[in-house]
file entry_20.pdb (PDB, C-alpha atoms)
ATOM      1  CA  MET A   1     -51.649  28.511-160.032  1.00  0.00           C
ATOM      2  CA  ARG A   2     -50.271  31.874-160.990  1.00  0.00           C
ATOM      3  CA  ARG A   3     -47.494  32.342-163.505  1.00  0.00           C
ATOM      4  CA  ALA A   4     -45.103  33.727-160.907  1.00  0.00           C
ATOM      5  CA  LEU A   5     -45.210  30.461-159.010  1.00  0.00           C
ATOM      6  CA  TRP A   6     -44.273  28.349-162.022  1.00  0.00           C
ATOM      7  CA  SER A   7     -40.701  29.623-161.865  1.00  0.00           C
ATOM      8  CA  GLU A   8     -40.456  28.522-158.230  1.00  0.00           C
ATOM      9  CA  VAL A   9     -41.830  25.104-159.176  1.00  0.00           C
ATOM     10  CA  ALA A  10     -39.202  24.817-161.903  1.00  0.00           C
ATOM     11  CA  ALA A  11     -36.461  25.801-159.450  1.00  0.00           C
ATOM     12  CA  ALA A  12     -37.622  23.217-156.914  1.00  0.00           C
ATOM     13  CA  MET A  13     -37.765  20.505-159.560  1.00  0.00           C
ATOM     14  CA  SER A  14     -34.278  21.357-160.811  1.00  0.00           C
ATOM     15  CA  GLY A  15     -33.088  21.101-157.209  1.00  0.00           C
ATOM     16  CA  LEU A  16     -34.677  17.664-156.989  1.00  0.00           C
ATOM     17  CA  ALA A  17     -33.040  16.636-160.270  1.00  0.00           C
ATOM     18  CA  GLY A  18     -29.681  17.844-158.941  1.00  0.00           C
ATOM     19  CA  TYR A  19     -30.090  15.771-155.790  1.00  0.00           C
ATOM     20  CA  LEU A  20     -31.008  12.652-157.782  1.00  0.00           C
ATOM     21  CA  TYR A  21     -27.972  13.161-160.040  1.00  0.00           C
ATOM     22  CA  SER A  22     -25.705  13.561-156.995  1.00  0.00           C
ATOM     23  CA  LEU A  23     -27.130  10.409-155.442  1.00  0.00           C
ATOM     24  CA  ASP A  24     -26.550   8.397-158.612  1.00  0.00           C
ATOM     25  CA  TYR A  25     -23.006   9.735-158.923  1.00  0.00           C
ATOM     26  CA  ALA A  26     -22.208   8.846-155.301  1.00  0.00           C
ATOM     27  CA  ARG A  27     -23.517   5.314-155.779  1.00  0.00           C
ATOM     28  CA  ASN A  28     -21.427   4.692-158.893  1.00  0.00           C
ATOM     29  CA  ARG A  29     -18.138   6.547-158.161  1.00  0.00           C
ATOM     30  CA  PRO A  30     -15.522   4.328-156.492  1.00  0.00           C
ATOM     31  CA  GLN A  31     -12.949   6.080-154.340  1.00  0.00           C
ATOM     32  CA  GLY A  32     -10.842   4.860-151.455  1.00  0.00           C
ATOM     33  CA  ARG A  33     -10.869   1.571-149.603  1.00  0.00           C
ATOM     34  CA  HIS A  34     -12.264   0.357-146.325  1.00  0.00           C
ATOM     35  CA  PRO A  35     -10.174   1.781-143.454  1.00  0.00           C
ATOM     36  CA  GLY A  36      -9.437  -1.645-141.948  1.00  0.00           C
ATOM     37  CA  ILE A  37      -8.118  -3.192-145.163  1.00  0.00           C
ATOM     38  CA  LYS A  38      -4.554  -2.248-146.149  1.00  0.00           C
ATOM     39  CA  ASP A  39      -4.350  -4.418-149.268  1.00  0.00           C
ATOM     40  CA  PRO A  40      -4.009  -2.152-152.353  1.00  0.00           C
ATOM     41  CA  ASN A  41      -5.641  -4.860-154.499  1.00  0.00           C
ATOM     42  CA  SER A  42      -8.879  -4.782-152.497  1.00  0.00           C
ATOM     43  CA  PRO A  43     -11.917  -3.325-154.258  1.00  0.00           C
ATOM     44  CA  MET A  44     -12.581   0.389-153.948  1.00  0.00           C
ATOM     45  CA  LEU A  45     -15.684   1.585-152.130  1.00  0.00           C
ATOM     46  CA  PRO A  46     -18.365   3.776-153.709  1.00  0.00           C
ATOM     47  CA  ILE A  47     -18.175   7.261-152.219  1.00  0.00           C
ATOM     48  CA  ILE A  48     -21.713   6.907-150.843  1.00  0.00           C
ATOM     49  CA  GLU A  49     -20.230   4.669-148.139  1.00  0.00           C
ATOM     50  CA  HIS A  50     -18.174   7.583-146.773  1.00  0.00           C
ATOM     51  CA  ALA A  51     -19.843   9.274-143.813  1.00  0.00           C
ATOM     52  CA  ASP A  52     -19.232  12.839-145.032  1.00  0.00           C
ATOM     53  CA  ILE A  53     -20.772  12.093-148.429  1.00  0.00           C
ATOM     54  CA  ARG A  54     -23.853  10.612-146.768  1.00  0.00           C
ATOM     55  CA  ARG A  55     -24.155  13.699-144.572  1.00  0.00           C
ATOM     56  CA  LEU A  56     -23.865  16.040-147.548  1.00  0.00           C
ATOM     57  CA  LEU A  57     -26.446  14.059-149.534  1.00  0.00           C
ATOM     58  CA  MET A  58     -28.842  14.116-146.577  1.00  0.00           C
ATOM     59  CA  GLU A  59     -28.398  17.879-146.237  1.00  0.00           C
ATOM     60  CA  GLN A  60     -29.131  18.319-149.941  1.00  0.00           C
ATOM     61  CA  LYS A  61     -32.208  16.071-149.708  1.00  0.00           C
ATOM     62  CA  VAL A  62     -33.586  17.929-146.690  1.00  0.00           C
ATOM     63  CA  THR A  63     -33.112  21.289-148.380  1.00  0.00           C
ATOM     64  CA  VAL A  64     -34.860  20.185-151.572  1.00  0.00           C
ATOM     65  CA  GLU A  65     -37.769  18.488-149.794  1.00  0.00           C
ATOM     66  CA  GLY A  66     -38.190  21.466-147.461  1.00  0.00           C
ATOM     67  CA  SER A  67     -38.327  23.901-150.358  1.00  0.00           C
ATOM     68  CA  ILE A  68     -40.906  21.748-152.159  1.00  0.00           C
ATOM     69  CA  ALA A  69     -43.041  21.586-148.999  1.00  0.00           C
ATOM     70  CA  LEU A  70     -42.845  25.353-148.483  1.00  0.00           C
ATOM     71  CA  LEU A  71     -43.661  25.958-152.129  1.00  0.00           C
ATOM     72  CA  SER A  72     -46.679  23.659-151.923  1.00  0.00           C
ATOM     73  CA  TYR A  73     -47.956  25.476-148.838  1.00  0.00           C
ATOM     74  CA  CYS A  74     -47.497  28.915-150.438  1.00  0.00           C
ATOM     75  CA  THR A  75     -49.231  27.743-153.593  1.00  0.00           C
ATOM     76  CA  GLN A  76     -52.154  26.519-151.520  1.00  0.00           C
ATOM     77  CA  LEU A  77     -52.426  29.904-149.778  1.00  0.00           C
ATOM     78  CA  VAL A  78     -52.359  31.795-153.076  1.00  0.00           C
ATOM     79  CA  ASP A  79     -55.022  29.516-154.536  1.00  0.00           C
ATOM     80  CA  GLN A  80     -57.216  29.980-151.458  1.00  0.00           C
ATOM     81  CA  GLN A  81     -56.880  33.740-151.736  1.00  0.00           C
ATOM     82  CA  VAL A  82     -57.770  33.712-155.429  1.00  0.00           C
ATOM     83  CA  MET A  83     -60.757  31.431-154.877  1.00  0.00           C
ATOM     84  CA  ALA A  84     -62.086  33.306-151.819  1.00  0.00           C
ATOM     85  CA  GLU A  85     -65.543  34.741-152.410  1.00  0.00           C
ATOM     86  CA  ASP A  86     -65.911  37.500-149.828  1.00  0.00           C
ATOM     87  CA  ALA A  87     -63.583  40.393-148.985  1.00  0.00           C
ATOM     88  CA  VAL A  88     -63.151  39.384-145.330  1.00  0.00           C
ATOM     89  CA  GLU A  89     -61.820  35.978-146.282  1.00  0.00           C
ATOM     90  CA  LYS A  90     -59.487  37.490-148.899  1.00  0.00           C
ATOM     91  CA  SER A  91     -58.094  40.010-146.414  1.00  0.00           C
ATOM     92  CA  ALA A  92     -57.527  37.243-143.835  1.00  0.00           C
ATOM     93  CA  LEU A  93     -55.435  35.329-146.368  1.00  0.00           C
ATOM     94  CA  ARG A  94     -53.441  38.376-147.472  1.00  0.00           C
ATOM     95  CA  CYS A  95     -49.753  38.045-146.605  1.00  0.00           C
ATOM     96  CA  TYR A  96     -48.686  41.683-146.793  1.00  0.00           C
TER      97      TYR A  96
END

call {"tool": "encode", "arguments": {"input": "entry_20.pdb", "output": "structure tokens"}}
result
Amino acid sequence: MRRALWSEVAAAMSGLAGYLYSLDYARNRPQGRHPGIKDPNSPMLPIIEHADIRRLLMEQKVTVEGSIALLSYCTQLVDQQVMAEDAVEKSALRCY
């Protein structure tokens, strides 16, 4: 893999680490109570049980996994171009 791609790998991995941190935070952070229970002494719910938080976490997960998949595909194309033996094959793999 070329050096230029290592920075993209690092960015994708930091995105994954950010998602995992967000997921852990949402699982452990209590906030609010169940809508049907009016008792103020009832236990608070973790914020991961709120629909908007779940939606935001899913959006973050999809973005991170999509970027990792795209990065893997681009890395494969670059490696194929570098490893190609004849000029016709190299020109077919050229992106620009």

call {"tool": "resolve_selection", "arguments": {"input": "entry_20.pdb", "expression": "the PyMOL selection byres ((chain A and resi 29) around 10)", "output": "JSON, numbers by chain"}}
result
{"A": [24, 25, 26, 27, 28, 30, 31, 44, 45, 46, 47, 48]}

call {"tool": "residues_around", "arguments": {"input": "entry_20.pdb", "residues": "Pro35 in chain A", "least_positions_apart": "3", "cutoff": "12 Å", "atoms": "only C-alpha atoms", "output": "list in words"}}
result
Gly32, Lys38, Asp39, Pro40, Ser42, Met44, Leu45, Glu49 and His50 of chain A

call {"tool": "write_last_selection", "arguments": {"input": "entry_20.pdb", "atoms": "C-alpha atoms", "output": "PDB file, in the frame of the given file"}}
result
ATOM      1  CA  GLY A  32     -10.842   4.860-151.455  1.00  0.00           C
ATOM      2  CA  LYS A  38      -4.554  -2.248-146.149  1.00  0.00           C
ATOM      3  CA  ASP A  39      -4.350  -4.418-149.268  1.00  0.00           C
ATOM      4  CA  PRO A  40      -4.009  -2.152-152.353  1.00  0.00           C
ATOM      5  CA  SER A  42      -8.879  -4.782-152.497  1.00  0.00           C
ATOM      6  CA  MET A  44     -12.581   0.389-153.948  1.00  0.00           C
ATOM      7  CA  LEU A  45     -15.684   1.585-152.130  1.00  0.00           C
ATOM      8  CA  GLU A  49     -20.230   4.669-148.139  1.00  0.00           C
ATOM      9  CA  HIS A  50     -18.174   7.583-146.773  1.00  0.00           C
TER      10      HIS A  50
END

call {"tool": "residues_near_point", "arguments": {"input": "entry_20.pdb", "point": "(-25.9, 17.8, -157.7)", "cutoff": "12 Å", "atoms": "only C-alpha atoms", "output": "ChimeraX atom specification"}}
result
/A:14-26,56-57,59-61,64

call {"tool": "write_last_selection", "arguments": {"input": "entry_20.pdb", "atoms": "C-alpha atoms", "output": "short mmCIF file (atom, residue, chain, number, x, y, z; two decimals), keeping the file's coordinate frame"}}
result
data_model
loop_
_atom_site.label_atom_id
_atom_site.label_comp_id
_atom_site.auth_asym_id
_atom_site.auth_seq_id
_atom_site.Cartn_x
_atom_site.Cartn_y
_atom_site.Cartn_z
CA SER A 14 -34.28 21.36 -160.81
CA GLY A 15 -33.09 21.10 -157.21
CA LEU A 16 -34.68 17.66 -156.99
CA ALA A 17 -33.04 16.64 -160.27
CA GLY A 18 -29.68 17.84 -158.94
CA TYR A 19 -30.09 15.77 -155.79
CA LEU A 20 -31.01 12.65 -157.78
CA TYR A 21 -27.97 13.16 -160.04
CA SER A 22 -25.70 13.56 -157.00
CA LEU A 23 -27.13 10.41 -155.44
CA ASP A 24 -26.55 8.40 -158.61
CA TYR A 25 -23.01 9.74 -158.92
CA ALA A 26 -22.21 8.85 -155.30
CA LEU A 56 -23.86 16.04 -147.55
CA LEU A 57 -26.45 14.06 -149.53
CA GLU A 59 -28.40 17.88 -146.24
CA GLN A 60 -29.13 18.32 -149.94
CA LYS A 61 -32.21 16.07 -149.71
CA VAL A 64 -34.86 20.18 -151.57
#

call {"tool": "atom_distance", "arguments": {"input": "entry_20.pdb", "atom1": "CA of Trp6 in chain A", "atom2": "CA of Lys90 in chain A"}}
result
22.1 Å

call {"tool": "resolve_selection", "arguments": {"input": "entry_20.pdb", "expression": "the PyMOL selection byres ((chain A and resi 93) around 9)", "output": "list in words"}}
result
Leu77, Val78, Gln80, Gln81, Ala84, Val88, Glu89, Lys90, Ser91, Ala92, Arg94 and Cys95 of chain A

call {"tool": "atom_distance", "arguments": {"input": "entry_20.pdb", "atom1": "CA of Arg55 in chain A", "atom2": "CA of Pro43 in chain A"}}
result
23.1 Å

call {"tool": "closest_residue", "arguments": {"input": "entry_20.pdb", "among": "A:Ala51, A:Leu71, A:Ile37, A:Met58", "to": "Ala10 in chain A", "atoms": "all atoms listed in the file"}}
result
A:Leu71

call {"tool": "axis_aligned_box", "arguments": {"input": "entry_20.pdb", "around": "range 79-93 of chain A", "padding_each_side": "6 Å", "output": "JSON"}}
result
{"center_x": -60.5, "center_y": 35.0, "center_z": -149.6, "size_x": 22.9, "size_y": 22.9, "size_z": 23.6}

call {"tool": "atom_distance", "arguments": {"input": "entry_20.pdb", "atom1": "CA of Val62 in chain A", "atom2": "CA of Ala11 in chain A"}}
result
15.3 Å

call {"tool": "build_atoms", "arguments": {"input": "entry_20.pdb", "residues": "range 63-81 of chain A", "atoms": "N, CA and C atoms", "output": "PDB file, in the coordinates of the input"}}
result
ATOM      1  N   THR A  63     -32.902  19.958-147.816  1.00  0.00           N
ATOM      2  CA  THR A  63     -33.112  21.289-148.380  1.00  0.00           C
ATOM      3  C   THR A  63     -34.107  21.259-149.534  1.00  0.00           C
ATOM      4  N   VAL A  64     -33.960  20.290-150.424  1.00  0.00           N
ATOM      5  CA  VAL A  64     -34.860  20.185-151.572  1.00  0.00           C
ATOM      6  C   VAL A  64     -36.284  19.855-151.120  1.00  0.00           C
ATOM      7  N   GLU A  65     -36.427  18.868-150.240  1.00  0.00           N
ATOM      8  CA  GLU A  65     -37.769  18.488-149.794  1.00  0.00           C
ATOM      9  C   GLU A  65     -38.432  19.605-148.993  1.00  0.00           C
ATOM     10  N   GLY A  66     -37.640  20.334-148.203  1.00  0.00           N
ATOM     11  CA  GLY A  66     -38.190  21.466-147.461  1.00  0.00           C
ATOM     12  C   GLY A  66     -38.664  22.574-148.375  1.00  0.00           C
ATOM     13  N   SER A  67     -37.908  22.849-149.426  1.00  0.00           N
ATOM     14  CA  SER A  67     -38.327  23.901-150.358  1.00  0.00           C
ATOM     15  C   SER A  67     -39.578  23.491-151.127  1.00  0.00           C
ATOM     16  N   ILE A  68     -39.700  22.218-151.472  1.00  0.00           N
ATOM     17  CA  ILE A  68     -40.906  21.748-152.159  1.00  0.00           C
ATOM     18  C   ILE A  68     -42.113  21.839-151.235  1.00  0.00           C
ATOM     19  N   ALA A  69     -41.936  21.498-149.955  1.00  0.00           N
ATOM     20  CA  ALA A  69     -43.041  21.586-148.999  1.00  0.00           C
ATOM     21  C   ALA A  69     -43.478  23.035-148.793  1.00  0.00           C
ATOM     22  N   LEU A  70     -42.515  23.940-148.647  1.00  0.00           N
ATOM     23  CA  LEU A  70     -42.845  25.353-148.483  1.00  0.00           C
ATOM     24  C   LEU A  70     -43.535  25.906-149.722  1.00  0.00           C
ATOM     25  N   LEU A  71     -43.050  25.525-150.875  1.00  0.00           N
ATOM     26  CA  LEU A  71     -43.661  25.958-152.129  1.00  0.00           C
ATOM     27  C   LEU A  71     -45.090  25.452-152.256  1.00  0.00           C
ATOM     28  N   SER A  72     -45.328  24.214-151.868  1.00  0.00           N
ATOM     29  CA  SER A  72     -46.679  23.659-151.923  1.00  0.00           C
ATOM     30  C   SER A  72     -47.626  24.411-150.983  1.00  0.00           C
ATOM     31  N   TYR A  73     -47.139  24.738-149.797  1.00  0.00           N
ATOM     32  CA  TYR A  73     -47.956  25.476-148.838  1.00  0.00           C
ATOM     33  C   TYR A  73     -48.272  26.879-149.361  1.00  0.00           C
ATOM     34  N   CYS A  74     -47.270  27.565-149.900  1.00  0.00           N
ATOM     35  CA  CYS A  74     -47.497  28.915-150.438  1.00  0.00           C
ATOM     36  C   CYS A  74     -48.451  28.888-151.626  1.00  0.00           C
ATOM     37  N   THR A  75     -48.326  27.883-152.459  1.00  0.00           N
ATOM     38  CA  THR A  75     -49.231  27.743-153.593  1.00  0.00           C
ATOM     39  C   THR A  75     -50.659  27.540-153.124  1.00  0.00           C
ATOM     40  N   GLN A  76     -50.821  26.741-152.080  1.00  0.00           N
ATOM     41  CA  GLN A  76     -52.154  26.519-151.520  1.00  0.00           C
ATOM     42  C   GLN A  76     -52.745  27.826-150.986  1.00  0.00           C
ATOM     43  N   LEU A  77     -51.936  28.631-150.305  1.00  0.00           N
ATOM     44  CA  LEU A  77     -52.426  29.904-149.778  1.00  0.00           C
ATOM     45  C   LEU A  77     -52.835  30.864-150.898  1.00  0.00           C
ATOM     46  N   VAL A  78     -52.037  30.921-151.951  1.00  0.00           N
ATOM     47  CA  VAL A  78     -52.359  31.795-153.076  1.00  0.00           C
ATOM     48  C   VAL A  78     -53.656  31.336-153.736  1.00  0.00           C
ATOM     49  N   ASP A  79     -53.798  30.041-153.929  1.00  0.00           N
ATOM     50  CA  ASP A  79     -55.022  29.516-154.536  1.00  0.00           C
ATOM     51  C   ASP A  79     -56.244  29.802-153.670  1.00  0.00           C
ATOM     52  N   GLN A  80     -56.099  29.674-152.354  1.00  0.00           N
ATOM     53  CA  GLN A  80     -57.216  29.980-151.458  1.00  0.00           C
ATOM     54  C   GLN A  80     -57.592  31.454-151.543  1.00  0.00           C
ATOM     55  N   GLN A  81     -56.591  32.308-151.638  1.00  0.00           N
ATOM     56  CA  GLN A  81     -56.880  33.740-151.736  1.00  0.00           C
ATOM     57  C   GLN A  81     -57.575  34.070-153.046  1.00  0.00           C
TER      58      GLN A  81
END
